[in-house]
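Notes for the one structure printed next.
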Amino acid sequence: MAEPLPFGGSGSDGDMAAKVMQECEDLWLDINKLQAQAASCSPTRVNADGEDSDIADTMSEVKLKALKGQLSAEAGKEHSILPTDPVTLRALLLEEIETSVKQLEQTLEVVQGQRRELEEEVKWEKQIMEQQKQIQDTLQRKLTMAQEASEQPSNSAERELLVTKSRIKKETIRILSELKDFSKKHFPHPDELELELSDSPDTVKSLLDVIETLMNQCVMRGSSPFVELDDTYWPPYIELLLRCGIAQRHEQNANLVRLTPFHMK
């Protein structure tokens with residue numbers, strides 16, 4: 001006795017199952033007829049190497065294998081027949097609709113999340129574009145200013161340099177003059193008595209001359225800025241410069257002094 005089909009028992013459901021089985025048998029008979037016709041037609045064709053190849057047989061075998069595979073797949077499936085009861089059919093349809101609605105709601109949540117991410121990405125891209133635009137405007141202004149500056153005549157730049165050089169020269173003369181007056185006022189040349197007490201010769205360099213000698217040695221001979229002391233350098237002046245940090249002694253030779261490299265600090 002055959003097993004009962006889903007959603008049905010005897011009566012109309014059994015007739016429907018028998019009808020489906022009859023349709024399957026009819027399809028199988030049609031497949032066998034087509035296979036017999038294909039085998040009887042078997043045309044041959046000579047290929048480029050001169051060998052006969054039964055293309056029609058090969059195609060028929062391929063089609064037959066494909067049909068057998070489809071038939072096996074269909075035979076393994078559990079075919080269900082919809083019930084004829086309106087209440088049961090309505091319940092099934094409602095269940096499918098609810099399942100579809102839940103799937104669509106989940107899909108909607110995913111799409112909305114992707115939309116929010118895209119909106120944030122677009123906002124960030126707009127900020128980056130605004131920053132790039134500001135940078136471009138700034139560079140464009142600098143480029144315009146540089147072009148305008150390059151278009152000005154070169155003699156104006158030369159005049160500017162000459163004016164600056166003249167101003168620096170005047171300022172240097174003024175500073176040296178003030179330094180000379182300051183040294184003469186606060187550090188006068190030692191008198192004969194002071195020279196005798198320090199066992200120094202009658203002709204010694206003034207404090208301004210000592211500083212000038214150290215400066216010239218530092219500027220003119222940067223690789224060898226030390227000055228060798230002799231009798232013309234009054235020891236109190238050298239001691240004053242050393243204690244004030246204006247001059248420095250050589251690490252190995254105490255008779256050599258140099259100007260403190262303020263420009264390297």
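Numbering starts fresh at 1 for the residues of each chain in the structure tokens, the chains themselves are lettered A, B, ... in the order given, and ligands are numbered from 1 as they appear.
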
Those of range 46-258 of chain A in DSSP helix (DSSP H, G or I), formatted as a PyMOL selection string: chain A and resi 55-76+86-151+154-186+192-197+207-220+235-243

For Asp209 in chain A: contacts at 12 Å, only C-alpha atoms, fewer than 3 positions along chain excluded, given as a PyMOL selection string: chain A and resi 176+179-180+183-184+187+189+204-206+212-216+232-234+237-238

Keeping only C-alpha atoms, write those residues as a PDB file, in the first residue's frame.
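File written: out_29.pdb
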```pdb
ATOM      1  CA  LEU A 176      81.143 100.475  17.573  1.00  0.00           C
ATOM      2  CA  LEU A 179      81.225 100.586  22.535  1.00  0.00           C
ATOM      3  CA  LYS A 180      84.328 102.748  22.206  1.00  0.00           C
ATOM      4  CA  SER A 183      85.123 101.260  27.170  1.00  0.00           C
ATOM      5  CA  LYS A 184      86.910 104.585  27.496  1.00  0.00           C
ATOM      6  CA  PHE A 187      87.652 100.882  31.362  1.00  0.00           C
ATOM      7  CA  HIS A 189      93.750 102.859  29.623  1.00  0.00           C
ATOM      8  CA  VAL A 204      99.572  97.740  26.053  1.00  0.00           C
ATOM      9  CA  LYS A 205      96.396  97.318  24.064  1.00  0.00           C
ATOM     10  CA  SER A 206      93.220  98.941  25.255  1.00  0.00           C
ATOM     11  CA  GLU A 212      88.414  93.890  18.288  1.00  0.00           C
ATOM     12  CA  THR A 213      91.377  91.520  17.881  1.00  0.00           C
ATOM     13  CA  LEU A 214      89.345  88.591  19.233  1.00  0.00           C
ATOM     14  CA  MET A 215      86.401  89.441  16.959  1.00  0.00           C
ATOM     15  CA  ASN A 216      88.564  89.706  13.845  1.00  0.00           C
ATOM     16  CA  THR A 232     100.832  93.813  24.889  1.00  0.00           C
ATOM     17  CA  TYR A 233      97.745  92.172  26.443  1.00  0.00           C
ATOM     18  CA  TRP A 234      97.197  93.557  29.938  1.00  0.00           C
ATOM     19  CA  TYR A 237      91.734  92.958  30.828  1.00  0.00           C
ATOM     20  CA  ILE A 238      92.077  89.268  29.905  1.00  0.00           C
TER      21      ILE A 238
END
```

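The set of residues in range 193-265 of chain A assigned to strand (DSSP E or B) by DSSP, using only backbone atoms of this structure, is A:Val227, A:Glu228, A:Ala247, A:Gln248, A:Arg249, A:Leu256, A:Val257, A:Arg258, A:Leu259.
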
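When CA of Gln131 in chain A is paired with CA of Thr144 in chain A, their separation reads 20.0 Å.
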